[in-house]
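Only one structure is covered here, and it is reproduced in the block below.
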Amino acid sequence: FERSTVFQGNEWLGPLLDSIRQRHSIEIQYLKFSDDTLRVYELHPYLLKEYKSRWYLIAWDANREVIRTFGLERIQSLEKGTRKFQVRGDFNADVFFKHSIGITEKSGKPEKIQFSVTPAIGKFLKSQPIHASQAIVRENDEGFVFSLEVMITPELIGFLLTYGGQLRVLQPVKLIQVMHSEIEKMAAFYGNPKKKSTS
């Protein structure tokens, strides 16, 4: 069994589960990855979700009036608040991540995505679908074409980049542009190794 070497944040699982069950508000100090700024949030905790051996809290941000996702390893402190809450009527835990791969949830309609892969990768994805919406558009000796109906999230982009030259995004255009931009950044990091080795 795969085990994570990162356990930071697991100490919050018990208190969070209690608050979710009791529908009791919490206050956390949270250190964001993006800017290392410590922020305080008053939250109504809705559910916990695990993704790639990391735990995340999905909660209603009472001050900003929006549902947000928080990585448990970034929580610096947690205190039980003074308020009881009811889960919003427009929140459905079963469908919240229905059109997402990973932990990022985005509002709006999912995108219709198609990508082609080599025969070996296609056989693997055929046996291990990455999302419930995955379907085979075409299958032959040259490879596979798969379709997905999901949001374009960082997790999806990371997954597609995992297969390098063995996977090509066919649509939509905006996802092709994102992939092209990411590949250009990677190429710029590496430069031209042949040129460097002969200098």
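Quick note on naming: the chains in the structure tokens go A, B, ... in the order shown, residues restart at 1 in each chain, and ligands are numbered from 1 in order of appearance.
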Fewer than 4 positions away in the same chain doesn't count, so skip those; otherwise give me all residues within 10 Å of Ala59 (chain A), counting only C-alpha atoms, as a VMD selection string. chain A and resid 20 25 to 26 42 to 48 66 to 70 87
Residues within 9 Å of Gln8 (chain A), please, as a ChimeraX atom specification. Count only C-alpha atoms; anything in the same chain fewer than 3 positions from it doesn't count. /A:11,72-74
Go ahead and compute the interatomic distance for CA of Tyr51 (chain A) and CA of Ser127 (chain A), in Å to one decimal.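 Calculated distance between CA of Tyr51 (chain A) and CA of Ser127 (chain A) is 20.3 Å.
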Pick from A:Lys52, A:Ser133, A:Thr153, A:Arg88, whichever lies nearest to Glu65 (chain A) using only C-alpha atoms: A:Arg88
Enumerate, as an NGL selection string, the complete set of residues in region 8-97 of chain A that a backbone-based DSSP assignment places in strand (DSSP E or B). :A and (24-31 or 38-51 or 54-61 or 66-71 or 75-84)
Excluding Glu27 (chain A) and residues on its chain fewer than 3 positions from it, collect all residues at most 8 Å away from it, counting only C-alpha atoms, and give them as a PyMOL selection string. chain A and resi 40-43+78-81
Deliver the residues from the most recent selection as a file, using C-alpha atoms, as a PDB file, in the first residue's frame.
```pdb
ATOM      1  CA  VAL A  40      -7.896  34.000   9.992  1.00  0.00           C
ATOM      2  CA  TYR A  41     -11.096  32.339   8.735  1.00  0.00           C
ATOM      3  CA  GLU A  42     -14.423  31.761  10.433  1.00  0.00           C
ATOM      4  CA  LEU A  43     -15.794  28.605   8.825  1.00  0.00           C
ATOM      5  CA  LEU A  78      -7.956  25.678  15.127  1.00  0.00           C
ATOM      6  CA  GLU A  79     -10.502  26.792  17.709  1.00  0.00           C
ATOM      7  CA  LYS A  80     -14.119  25.840  18.132  1.00  0.00           C
ATOM      8  CA  GLY A  81     -16.371  28.795  17.428  1.00  0.00           C
TER       9      GLY A  81
END
```
At what distance in Å, to one decimal, does CA of Tyr163 (chain A) lie from CA of Ala188 (chain A)?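 Computed distance, CA of Ala188 (chain A) to CA of Tyr163 (chain A), equals 18.9 Å.
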Using Å and a single decimal, report how far CA of Val173 (chain A) sits from CA of Ser147 (chain A). 14.3 Å
Lys84 (chain A) proximity check over A:Asn63, A:Thr118, A:Gln22, A:Gln177, using only C-alpha atoms: winner is A:Gln22
Can you list, as a VMD selection string, every residue of region 119-161 of chain A that DSSP puts in helix (DSSP H, G or I)? chain A and resid 119 to 127 154 to 161
